[in-house]
Number of protein chains: 4
Amino acid sequence: MNTFGKNLTLTTFGESHGPAMGGIIDGFPSGYKIDFDKLLAEIAKRRPGQSALVTARKETDKPEFLSGISPDGITLGTPIGFIVRNADHHSSDYDEMAKAFRPNHADYTYIQRYGIRDHRGGGRQSARETVNWVVAGALALQWLETKGITIESVLSQVGPVTAGDIFDGLMTEPEKPFNLSVNPDLQLAMEEFIKETKKKGDSVGGKVSCVISGIPAGIGEPVADKLHSRLAAAMMSINAAKGFEYGIGFRGASAMGSDTADTFLPASSLSELKTATNYSGGIQGGISNGMPVFFSVAFKPTPTLMQPLKTVDTEGKEMVLNPAGRHDPCVAVRAVPVVKALAALVIADFMV
Amino acid sequence: MNTFGKNLTLTTFGESHGPAMGGIIDGFPSGYKIDFDKLLAEIAKRRPGQSALVTARKETDKPEFLSGISPDGITLGTPIGFIVRNADHHSSDYDEMAKAFRPNHADYTYIQRYGIRDHRGGGRQSARETVNWVVAGALALQWLETKGITIESVLSQVGPVTAGDIFDGLMTEPEKPFNLSVNPDLQLAMEEFIKETKKKGDSVGGKVSCVISGIPAGIGEPVADKLHSRLAAAMMSINAAKGFEYGIGFRGASAMGSDTADTFLPASSLSELKTATNYSGGIQGGISNGMPVFFSVAFKPTPTLMQPLKTVDTEGKEMVLNPAGRHDPCVAVRAVPVVKALAALVIADFMV
Amino acid sequence: MNTFGKNLTLTTFGESHGPAMGGIIDGFPSGYKIDFDKLLAEIAKRRPGQSALVTARKETDKPEFLSGISPDGITLGTPIGFIVRNADHHSSDYDEMAKAFRPNHADYTYIQRYGIRDHRGGGRQSARETVNWVVAGALALQWLETKGITIESVLSQVGPVTAGDIFDGLMTEPEKPFNLSVNPDLQLAMEEFIKETKKKGDSVGGKVSCVISGIPAGIGEPVADKLHSRLAAAMMSINAAKGFEYGIGFRGASAMGSDTADTFLPASSLSELKTATNYSGGIQGGISNGMPVFFSVAFKPTPTLMQPLKTVDTEGKEMVLNPAGRHDPCVAVRAVPVVKALAALVIADFMV
Amino acid sequence: MNTFGKNLTLTTFGESHGPAMGGIIDGFPSGYKIDFDKLLAEIAKRRPGQSALVTARKETDKPEFLSGISPDGITLGTPIGFIVRNADHHSSDYDEMAKAFRPNHADYTYIQRYGIRDHRGGGRQSARETVNWVVAGALALQWLETKGITIESVLSQVGPVTAGDIFDGLMTEPEKPFNLSVNPDLQLAMEEFIKETKKKGDSVGGKVSCVISGIPAGIGEPVADKLHSRLAAAMMSINAAKGFEYGIGFRGASAMGSDTADTFLPASSLSELKTATNYSGGIQGGISNGMPVFFSVAFKPTPTLMQPLKTVDTEGKEMVLNPAGRHDPCVAVRAVPVVKALAALVIADFMV
């Protein structure tokens with residue numbers, strides 16, 4: 001289905017080449033003043049066409065809010081409906097695709113699931129859907145900020161160019177100030193690699209890392225709705241996501257218990273309790289412990305290449321698909337604000 | 001909350017040192033004959049006390065089915081209620097724990113969430129809960145087998161001893177027969193490492209890998225309930241799980257699109273369509289494509305060590321916790337059947 | 001929350017005096033051709049301003065479908081997003097209401113629930129919301145018709161003017177053809193009564209009756225989601241609904257078992273089994289038995305009168321509210337297509 | 001499915017002639033002391049075999065709590081699992097029923113839904129299921145009492161013997177003290193009528209009325225989960241329920257708006273706001289307004305008569321079914337505590 005969340009829900013719709021994307025945010029707390037300038041700035045971060053790094057589609061992506069917010073910008077507690085028009089249709093770019101099953105795309109699986117598909121630009125499987133998530137996430141972020149919670153995300157790997165163990169400081173010395181960032185040289189190297197990749201008509205994978213700070217202890221459910229379980233499910237919803245890890249992550253498989261116990265530090269008040277290290281990633285037994293929550297998401301290379309591609313047509317016969325449309329050499333770039341938005345929705349869902 | 005699934009649901013209860021664990025399976029298809037011997041054999045796989053590798057707690061773990069199955073073993077379509085008595089209580093082992101917040105355990109987070117906790121053996125946060133999942137999963141496995149679906153899981157890493165890229169064959173040459181197994185020497189090395197770890201009173205992380213074969217194309221939802229999203233959420237529910245990856249996984253972050261496109265092979269019938277490679281892990285756009293689905297789950301070392309441990313008491317004051325109870329040197333060992341059971345529940349939930 | 005249904009869901013938004021109403025229909029079956037002319041005709045039935053009987057607000061109520069339907073009118077299986085613009089704003093009519101809690105309205109309860117409300121025209125509590133339900137219901141009706149299911153609803157009581165036991169024939173002689181209608185004289189009497197009521201600036205209650213024909217046996221859940229339980233919940237969602245009964249209804253409280261047993265008639269095939277009488281209203285144990293399902297819904301008089309009304313202001317002080325806006329003398333009139341639409345959504349939700 | 005509620009959920013299982021009934025209460029607030037004596041007294045109210053009025057089945061109905069409550073009776077916030085053994089099996093009473101579809105029972109509909117059924121005593125369709133609801137409801141009642149909320153229910157009609165408009169005082173003069181009771185003479189007349197009915201081997205319908213006092217303003221959702229919508233759904237889940245009305249109910253269909261406006265009385269504080277009359281039944285726009293909530297539920301006569309009954313067998317052929325088992329002459333009697341229990345679960349679900 002197309003609903004995220006339980007108490008704060010986001011239900012979405014939209015095919016990339018239909019008239020509009022949109023969604024309904026239900027359960028948003030009442031009485032909060034929305035800062036629309038800030039909101040648009042946040043939404044703009046995912047907009048393609050901003051730099052050489054991402055696809056050239058021009059989208060204005062200004063959401064039209066249709067309900068749930070009073071004329072003076074105060075949330076009413078009622079569902080917030082919004083739409084985002086799809087401005088830039090070049091459906092003819094996609095004509096050949098009507099007859100093809102593109103490799104690594106959901107063309108074939110949609111046919112198997114629904115018996116029909118909208119082939120134009122990927123229809124509902126397009127990354128265009130993430131604009132809905134970013135709109136809703138931007139609202140959630142504003143609400144979370146009133147609770148002292150901030151979320152940052154960063155591109156931490158592009159193919160062979162990697163920021164390495166970007167969370168090392170957070171795990172081993174969590175008491176020290178931490179700034180989620182990649183040094184400028186590395187950032188440049190990533191951009192260079194993406195440009196090279198684009199020139200070759202190829203694509204490359206990547207990784208996005210995210211830190212949630214200021215989350216109070218006690219958030220999450222202990223069994224079926226663990227905080228990290230919900231984060232994992234949300235992140236794996238992003239197109240091309242192939243892996244999720246939090247805290248020590250996959251390195252935990254090779255670690256010893258004696259090296260990774262997050263010892264509690266004595267405190268005068270229980271609510272100020274901290275741990276000396278944070279291999280747990282701020283979550284113990286599915287519930288936040290008040291330390292920063294952090295995780296990474298791996299993305300495979302975007303399946304659309306700007307090279308002729310051998311595949312089959314919708315009758316199973318061999319064909320060569322000539323590239324068309326405009327696509328991302330590295331989908332992880334555009335996933336950066338999406339990871340942040342979904343993290344905001346998950347946390348807000350637990351807190352409303 | 002304590003419910004897994006949407007159409008085939010499992011709702012569970014139970015504290016490890018209370019009278020019983022148990023659950024209700026709702027939505028199980030009617031008219032299926034249950035093979036109880038096979039069921040008990042499957043459930044027995046997770047039972048501790050079987051080898052030197054796992055904790056010595058003796059549990060008989062014979063579920064008592066209370067409804068939903070006719071006297072002659074046929075499912076009725078009505079909810080299947082079951083309980084598993086907790087036979088082996090040594091609550092006194094846990095007396096000291098009433099006063100302590102154990103590192104990496106959910107003691108502190110439970111207090112922050114509920115204001116109260118059952119300290120005996122971890123209460124609801126204990127891995128004992130997984131017996132409920134394995135009982136339900138064993139039923140689901142039997143039903144899936146009637147649909148031609150099989151699920152295998154294996155311990156693929158213990159600390160430094162690793163089976164490496166265990167899915168390489170499945171990704172690069174999926175047409176070849178594949179057998180999910182670790183070679184006997186490696187298996188022995190893993191067992192040795194765990195014994196050593198136990199002797200030292202330490203614990204070690206590990207990894208479990210899983211393959212689902214025979215799953216038809218068209219299973220999954222394209223946006224909010226992607227097949228891999230639901231698998232990720234389920235796996236991250238297992239105690240000590242820190243990471244999930246499927247298909248090419250985290251290696252996808254460093255891969256190029258031109259190397260990892262899963263080209264479709266020509267076929268005379270759409271339902272027989274296969275891909276030349278399977279970096280996608282059998283899922284495209286959140287929906288199965290008929291190829292095998294495979295994934296791995298990373299587990300951190302069990303937080304309980306058999307060494308004195310510095311921590312704080314429930315008032316935040318420093319204390320030293322002496323080890324008590326009987327615990328696993330490598331929780332990943334017992335996770336092997338749990339991963340399989342949860343995978344079965346996820347797949348069955350989509351298929352009922 | 002604002003979501004109806006479980007497998008076929010409708011999530012809605014919209015304040016009556018905001019820019020638009022709208023909704024998302026998720027889970028609608030793929031591959032069905034929508035007849036848009038028929039759809040608009042069905043939607044038009046609830047439109048006010050059609051006759052003297054209902055409020056004079058002019059609404060065009062033409063939904064704009066934004067997704068889920070291909071350019072040639074075929075459903076895609078993806079969520080169907082739609083909006084219906086609110087064309088006719090006279091917010092100034094409602095200025096006085098910002099300061100008043102209207103009797104029998106949800107003004108006060110909204111403040112208690114959300115701490116804020118949109119006072120213009122009732123905001124989200126307005127019957128305007130039912131346009132969303134009718135749009136979605138009209139789609140569901142078209143799909144149900146392809147399954148041989150038809151739904152009719154009729155105004156069966158207006159204050160003292162009542163069609164009496166309109167379902168008598170259906171209960172005692174279900175084998176006879178049945179036509180859900182009120183005789184023209186009675187219909188005229190109802191219209192007269194409403195006109196009189198309007199002239200006096202008063203309002204009057206009413207009753208809507210509904211029959212679902214062609215529903216196959218086996219639809220519904222036996223315990224928590226009984227077919228009639230879901231129908232009751234849906235009907236009680238309609239503004240001003242105060243009672244729901246199905247089959248023999250409240251008359252069952254005074255009936256004897258020996259008079260009301262629905263004896264099965266011998267049949268050569270189980271799927272053709274019929275009952276000699278149908279006091280059960282086509283449902284036994286929460287599941288349809290293949291006989292017609294029928295029920296009635298009682299509506300209280302619309303709370304807004306065109307007379308000065310004593311009430312309190314938002315500080316609890318006495319005030320007199322002068323009538324403003326344009327309102328229905330008998331809300332049951334407009335509920336007729338709404339009852340039908342919600343019945344369609346409930347049945348379709350069980351059948352998809 | 002078999003789950004009631006959203007935030008405080010009850011999931012149940014059990015066939016009347018299987019080993020046990022049972023359920024899981026999830027989301028119950030932590031830190032509340034359970035009074036088990038009071039709990040058993042409440043549960044005992046529904047126990048059959050207590051008087052001449054109800055069936056002679058002897059059930060001890062002592063629930064065994066398996067989790068979620070500490071050894072000293074404090075709720076832990078974790079799921080409360082319980083079972084109630086089925087003590088009194090006379091399956092042979094039901095042998096003939098294996099071959100019959102009883103009129104007005106769910107025998108035929110179960111076969112159409114599941115293809116199989118447990119014919120012994122009605123299996124899952126038996127009123128035995130309500131023991132699960134009463135156990136959970138009794139817990140909810142104790143928690144609600146700590147919030148100042150009390151719930152009463154009473155048998156207000158048995159066939160021709162009726163208490164009439166039992167809520168008249170509550171509607172017209174809500175400021176006066178109200179005691180939900182039927183005068184002793186009328187109660188005697190009801191008992192007499194049931195005894196007569198039983199002697200004749202017949203059964204009779206009835207009505208149960210219920211008042212919820214002390215519920216604060218602001219409880220409920222305005223659109224899809226209206227407070228009365230959820231109450232209606234819950235009540236219609238009770239076996240043999242045919243109608244639900246709240247506030248003015250079906251009488252509202254013949255009422256005029258000028259007679260039934262619930263005028264607000266001036267008050268110095270908004271939270272003390274009261275209405276002069278209470279035709280609304282304490283709910284406006286789906287949300288409680290702080291006045292008492294009251295409703296009635298109609299029950300048809302129990303379908304099992306102690307007379308030979310013409311019906312068909314499971315192949316559709318005519319047969320005569322000889323009565324067997326022990327059954328209630330008036331199911332409404334046993335519904336009295338069930339109505340109360342479900343009301344408690346609905347209110348608690350909104351308030352946790």
# chains A, B, ... in the order shown; residues from 1 in each chain; ligands from 1
>>> residues_around(residues="region 261-268 of chain D", least_positions_apart="4", cutoff="8 Å", atoms="only C-alpha atoms", output="PyMOL selection string")
(chain C and resi 101+103-104+303+310-312+315-318) or (chain D and resi 257+272-280)
>>> interface_residues(of="chain D", to="chain B", cutoff="9 Å", atoms="only C-alpha atoms", output="ChimeraX atom specification")
/D:1-3,7,11-15,18-27,29-31,65-68,70-71,75-81,113-118,124
>>> write_last_selection(atoms="N, CA and C atoms", output="short mmCIF file (atom, residue, chain, number, x, y, z; two decimals), in the first residue's frame")
data_model
loop_
_atom_site.label_atom_id
_atom_site.label_comp_id
_atom_site.auth_asym_id
_atom_site.auth_seq_id
_atom_site.Cartn_x
_atom_site.Cartn_y
_atom_site.Cartn_z
N MET D 1 -10.74 -10.33 10.75
CA MET D 1 -9.65 -10.68 11.65
C MET D 1 -10.18 -10.67 13.10
N ASN D 2 -9.28 -10.82 14.03
CA ASN D 2 -9.70 -11.04 15.40
C ASN D 2 -9.05 -10.05 16.36
N THR D 3 -8.86 -8.83 15.89
CA THR D 3 -8.27 -7.80 16.73
C THR D 3 -9.23 -6.62 16.84
N ASN D 7 -4.92 1.43 19.57
CA ASN D 7 -3.79 1.70 20.45
C ASN D 7 -3.79 0.77 21.65
N THR D 11 -6.56 -8.96 20.87
CA THR D 11 -6.58 -9.99 19.84
C THR D 11 -6.98 -11.30 20.51
N THR D 12 -7.95 -12.00 19.93
CA THR D 12 -8.47 -13.17 20.63
C THR D 12 -8.42 -14.44 19.78
N PHE D 13 -8.57 -15.56 20.48
CA PHE D 13 -8.68 -16.84 19.80
C PHE D 13 -9.59 -17.75 20.58
N GLY D 14 -9.93 -18.89 20.00
CA GLY D 14 -10.65 -19.91 20.76
C GLY D 14 -11.92 -20.41 20.12
N GLU D 15 -12.02 -21.73 20.03
CA GLU D 15 -13.28 -22.37 19.66
C GLU D 15 -13.94 -22.84 20.94
N GLY D 18 -12.83 -26.22 21.93
CA GLY D 18 -11.40 -26.51 21.93
C GLY D 18 -10.87 -26.44 23.35
N PRO D 19 -9.56 -26.55 23.51
CA PRO D 19 -9.01 -26.57 24.87
C PRO D 19 -9.16 -25.26 25.65
N ALA D 20 -9.08 -24.13 24.96
CA ALA D 20 -9.13 -22.87 25.72
C ALA D 20 -9.50 -21.70 24.82
N MET D 21 -10.03 -20.67 25.43
CA MET D 21 -10.19 -19.35 24.83
C MET D 21 -8.98 -18.53 25.30
N GLY D 22 -8.78 -17.39 24.70
CA GLY D 22 -7.68 -16.56 25.19
C GLY D 22 -7.50 -15.33 24.37
N GLY D 23 -6.59 -14.48 24.83
CA GLY D 23 -6.36 -13.24 24.12
C GLY D 23 -5.08 -12.55 24.55
N ILE D 24 -4.75 -11.52 23.81
CA ILE D 24 -3.60 -10.68 24.11
C ILE D 24 -4.06 -9.23 24.11
N ILE D 25 -3.85 -8.57 25.25
CA ILE D 25 -4.17 -7.15 25.37
C ILE D 25 -2.87 -6.39 25.20
N ASP D 26 -2.78 -5.60 24.14
CA ASP D 26 -1.53 -4.88 23.87
C ASP D 26 -1.77 -3.38 24.02
N GLY D 27 -0.84 -2.72 24.65
CA GLY D 27 -0.94 -1.28 24.82
C GLY D 27 -1.56 -0.86 26.15
N PRO D 29 -1.74 0.46 29.72
CA PRO D 29 -0.78 1.35 30.40
C PRO D 29 -0.02 0.62 31.51
N SER D 30 1.22 1.01 31.70
CA SER D 30 2.05 0.38 32.74
C SER D 30 1.83 1.04 34.09
N GLY D 31 2.16 0.30 35.14
CA GLY D 31 2.19 0.88 36.48
C GLY D 31 0.86 0.88 37.20
N PHE D 65 -3.52 -15.43 33.76
CA PHE D 65 -2.71 -14.37 33.15
C PHE D 65 -1.28 -14.86 33.00
N LEU D 66 -0.75 -14.73 31.79
CA LEU D 66 0.54 -15.34 31.48
C LEU D 66 1.66 -14.33 31.29
N SER D 67 1.31 -13.06 31.23
CA SER D 67 2.35 -12.05 30.99
C SER D 67 1.80 -10.66 31.22
N GLY D 68 2.68 -9.69 31.25
CA GLY D 68 2.27 -8.29 31.25
C GLY D 68 1.91 -7.75 32.62
N SER D 70 3.18 -7.92 36.73
CA SER D 70 4.26 -8.40 37.61
C SER D 70 3.68 -9.33 38.67
N PRO D 71 4.55 -10.12 39.32
CA PRO D 71 4.03 -11.04 40.36
C PRO D 71 3.23 -10.32 41.44
N THR D 75 0.75 -3.73 36.29
CA THR D 75 0.89 -3.87 34.84
C THR D 75 2.25 -3.35 34.40
N LEU D 76 2.85 -4.07 33.43
CA LEU D 76 4.22 -3.77 32.99
C LEU D 76 4.27 -2.94 31.72
N GLY D 77 3.14 -2.72 31.06
CA GLY D 77 3.16 -2.03 29.77
C GLY D 77 3.38 -2.99 28.62
N THR D 78 3.82 -4.19 28.93
CA THR D 78 4.01 -5.22 27.91
C THR D 78 2.69 -5.95 27.69
N PRO D 79 2.57 -6.72 26.60
CA PRO D 79 1.27 -7.34 26.30
C PRO D 79 0.82 -8.32 27.40
N ILE D 80 -0.46 -8.25 27.70
CA ILE D 80 -1.05 -9.12 28.72
C ILE D 80 -1.68 -10.31 27.99
N GLY D 81 -1.04 -11.47 28.12
CA GLY D 81 -1.59 -12.68 27.53
C GLY D 81 -2.40 -13.43 28.57
N ARG D 113 -16.98 -19.26 3.70
CA ARG D 113 -15.82 -18.39 3.93
C ARG D 113 -14.52 -19.18 4.00
N TYR D 114 -14.56 -20.31 4.73
CA TYR D 114 -13.31 -21.03 5.02
C TYR D 114 -13.23 -22.41 4.38
N GLY D 115 -14.38 -22.94 3.91
CA GLY D 115 -14.38 -24.29 3.36
C GLY D 115 -14.34 -25.36 4.41
N ILE D 116 -14.32 -24.98 5.67
CA ILE D 116 -14.23 -25.93 6.79
C ILE D 116 -14.79 -25.21 8.00
N ARG D 117 -15.33 -26.00 8.98
CA ARG D 117 -15.76 -25.36 10.22
C ARG D 117 -15.67 -26.34 11.37
N ASP D 118 -15.56 -25.81 12.55
CA ASP D 118 -15.61 -26.63 13.75
C ASP D 118 -17.06 -26.61 14.22
N ARG D 124 -15.95 -21.09 16.60
CA ARG D 124 -15.53 -19.72 16.89
C ARG D 124 -16.73 -18.76 16.90
#
>>> select_by_dssp(residues="region 207-300 of chain C", states="helix (DSSP H, G or I)", output="list of chain:residue names")
C:Leu227, C:His228, C:Ser229, C:Arg230, C:Leu231, C:Ala232, C:Ala233, C:Ala234, C:Met235, C:Gly249, C:Phe250, C:Arg251, C:Gly252, C:Ala253, C:Ser254, C:Gly257, C:Ser258, C:Asp259, C:Thr260, C:Leu270, C:Ser271, C:Glu272
>>> select_by_dssp(residues="region 72-145 of chain B", states="strand (DSSP E or B)", output="ChimeraX atom specification")
/B:74-75,80-85,100-101
>>> residues_around(residues="Lys99 (chain D)", least_positions_apart="3", cutoff="6 Å", atoms="only C-alpha atoms", output="number ranges by chain")
D: 96, 313-314
>>> atom_distance(atom1="CA of Val331 (chain B)", atom2="CA of Thr302 (chain B)")
5.8 Å
>>> residues_around(residues="Ile347 (chain A)", least_positions_apart="6", cutoff="9 Å", atoms="only C-alpha atoms", output="PDB file with C-alpha atoms, in the first residue's frame")
ATOM      1  CA  ALA A 140       7.814  16.859  10.409  1.00  0.00           C
ATOM      2  CA  LEU A 144      10.692  17.983  15.661  1.00  0.00           C
ATOM      3  CA  ILE A 215      15.988  12.440  20.605  1.00  0.00           C
ATOM      4  CA  ILE A 219      11.080   6.456  22.021  1.00  0.00           C
ATOM      5  CA  GLY A 220      10.304   3.209  20.171  1.00  0.00           C
ATOM      6  CA  LEU A 227      12.846   2.249  16.432  1.00  0.00           C
ATOM      7  CA  LEU A 231      13.986   3.310  10.330  1.00  0.00           C
TER       8      LEU A 231
END
>>> atom_distance(atom1="CA of Val84 (chain D)", atom2="CA of Ala44 (chain D)")
12.5 Å
>>> residues_around(residues="Ser156 (chain A)", least_positions_apart="5", cutoff="8 Å", atoms="only C-alpha atoms", output="PyMOL selection string")
chain A and resi 162-164+166+182+206-209
>>> write_last_selection(atoms="N, CA, C and O atoms", output="PDB file, in the first residue's frame")
ATOM      1  N   THR A 162      35.156   7.107  -0.650  1.00  0.00           N
ATOM      2  CA  THR A 162      34.364   6.884   0.559  1.00  0.00           C
ATOM      3  C   THR A 162      34.916   7.651   1.751  1.00  0.00           C
ATOM      4  O   THR A 162      36.131   7.822   1.901  1.00  0.00           O
ATOM      5  N   ALA A 163      33.972   8.108   2.577  1.00  0.00           N
ATOM      6  CA  ALA A 163      34.365   8.821   3.790  1.00  0.00           C
ATOM      7  C   ALA A 163      34.760   7.848   4.903  1.00  0.00           C
ATOM      8  O   ALA A 163      35.051   8.269   6.024  1.00  0.00           O
ATOM      9  N   GLY A 164      34.734   6.561   4.593  1.00  0.00           N
ATOM     10  CA  GLY A 164      35.150   5.557   5.581  1.00  0.00           C
ATOM     11  C   GLY A 164      34.194   5.480   6.752  1.00  0.00           C
ATOM     12  O   GLY A 164      32.981   5.661   6.593  1.00  0.00           O
ATOM     13  N   ILE A 166      32.557   7.004   9.008  1.00  0.00           N
ATOM     14  CA  ILE A 166      32.203   8.390   9.292  1.00  0.00           C
ATOM     15  C   ILE A 166      31.662   8.586  10.705  1.00  0.00           C
ATOM     16  O   ILE A 166      31.692   9.674  11.265  1.00  0.00           O
ATOM     17  N   VAL A 182      31.575  15.761   5.401  1.00  0.00           N
ATOM     18  CA  VAL A 182      32.625  15.115   4.641  1.00  0.00           C
ATOM     19  C   VAL A 182      33.599  16.226   4.283  1.00  0.00           C
ATOM     20  O   VAL A 182      33.177  17.331   3.934  1.00  0.00           O
ATOM     21  N   GLY A 206      26.324   4.452  -4.149  1.00  0.00           N
ATOM     22  CA  GLY A 206      26.735   5.411  -3.142  1.00  0.00           C
ATOM     23  C   GLY A 206      26.148   5.085  -1.778  1.00  0.00           C
ATOM     24  O   GLY A 206      25.422   4.096  -1.615  1.00  0.00           O
ATOM     25  N   LYS A 207      26.482   5.894  -0.809  1.00  0.00           N
ATOM     26  CA  LYS A 207      26.003   5.650   0.552  1.00  0.00           C
ATOM     27  C   LYS A 207      25.617   6.983   1.178  1.00  0.00           C
ATOM     28  O   LYS A 207      26.286   7.994   0.961  1.00  0.00           O
ATOM     29  N   VAL A 208      24.539   6.981   1.949  1.00  0.00           N
ATOM     30  CA  VAL A 208      24.103   8.180   2.668  1.00  0.00           C
ATOM     31  C   VAL A 208      24.122   7.865   4.153  1.00  0.00           C
ATOM     32  O   VAL A 208      23.671   6.802   4.576  1.00  0.00           O
ATOM     33  N   SER A 209      24.664   8.783   4.943  1.00  0.00           N
ATOM     34  CA  SER A 209      24.722   8.593   6.393  1.00  0.00           C
ATOM     35  C   SER A 209      23.921   9.684   7.079  1.00  0.00           C
ATOM     36  O   SER A 209      23.822  10.798   6.575  1.00  0.00           O
TER      37      SER A 209
END
>>> atom_distance(atom1="CA of Ala341 (chain C)", atom2="CA of Phe36 (chain C)")
16.0 Å
>>> residues_around(residues="Gly290 (chain B)", least_positions_apart="2", cutoff="7 Å", atoms="only C-alpha atoms", output="JSON, numbers by chain")
{"B": [215, 216, 217, 282, 288, 292]}
>>> residues_around(residues="Arg230 (chain D)", least_positions_apart="4", cutoff="8 Å", atoms="only C-alpha atoms", output="list in words")
Ala233 of chain C; Asp225, Lys226, Ala234 and Val346 of chain D
>>> closest_residue(among="B:Leu321, B:Cys210, B:Val223, B:Pro160", to="Ala98 (chain B)", atoms="only C-alpha atoms")
B:Leu321
>>> decode(residues="region 132-142 of chain D", atoms="N, CA, C and O atoms", output="short mmCIF file (atom, residue, chain, number, x, y, z; two decimals), in the first residue's frame")
data_model
loop_
_atom_site.label_atom_id
_atom_site.label_comp_id
_atom_site.auth_asym_id
_atom_site.auth_seq_id
_atom_site.Cartn_x
_atom_site.Cartn_y
_atom_site.Cartn_z
N ASN D 132 -13.51 -13.76 26.40
CA ASN D 132 -12.26 -13.03 26.14
C ASN D 132 -12.48 -11.53 26.26
O ASN D 132 -11.65 -10.81 26.82
N TRP D 133 -13.60 -11.08 25.74
CA TRP D 133 -13.88 -9.64 25.76
C TRP D 133 -14.12 -9.16 27.18
O TRP D 133 -13.73 -8.04 27.54
N VAL D 134 -14.80 -10.01 27.95
CA VAL D 134 -15.13 -9.60 29.32
C VAL D 134 -13.88 -9.56 30.18
O VAL D 134 -13.71 -8.66 31.02
N VAL D 135 -12.95 -10.49 29.98
CA VAL D 135 -11.68 -10.46 30.72
C VAL D 135 -10.94 -9.16 30.41
O VAL D 135 -10.53 -8.42 31.30
N ALA D 136 -10.80 -8.87 29.12
CA ALA D 136 -10.07 -7.66 28.72
C ALA D 136 -10.82 -6.40 29.16
O ALA D 136 -10.21 -5.44 29.65
N GLY D 137 -12.13 -6.43 29.01
CA GLY D 137 -12.94 -5.28 29.40
C GLY D 137 -12.85 -5.02 30.89
O GLY D 137 -12.81 -3.85 31.33
N ALA D 138 -12.78 -6.08 31.68
CA ALA D 138 -12.70 -5.90 33.14
C ALA D 138 -11.40 -5.21 33.52
O ALA D 138 -11.37 -4.38 34.45
N LEU D 139 -10.33 -5.52 32.80
CA LEU D 139 -9.07 -4.81 33.04
C LEU D 139 -9.19 -3.34 32.64
O LEU D 139 -8.77 -2.44 33.37
N ALA D 140 -9.79 -3.11 31.48
CA ALA D 140 -9.95 -1.73 31.00
C ALA D 140 -10.82 -0.93 31.97
O ALA D 140 -10.54 0.25 32.25
N LEU D 141 -11.88 -1.56 32.49
CA LEU D 141 -12.76 -0.87 33.44
C LEU D 141 -11.98 -0.38 34.66
O LEU D 141 -12.20 0.73 35.14
N GLN D 142 -11.07 -1.23 35.16
CA GLN D 142 -10.29 -0.82 36.34
C GLN D 142 -9.43 0.39 36.01
O GLN D 142 -9.28 1.30 36.83
#
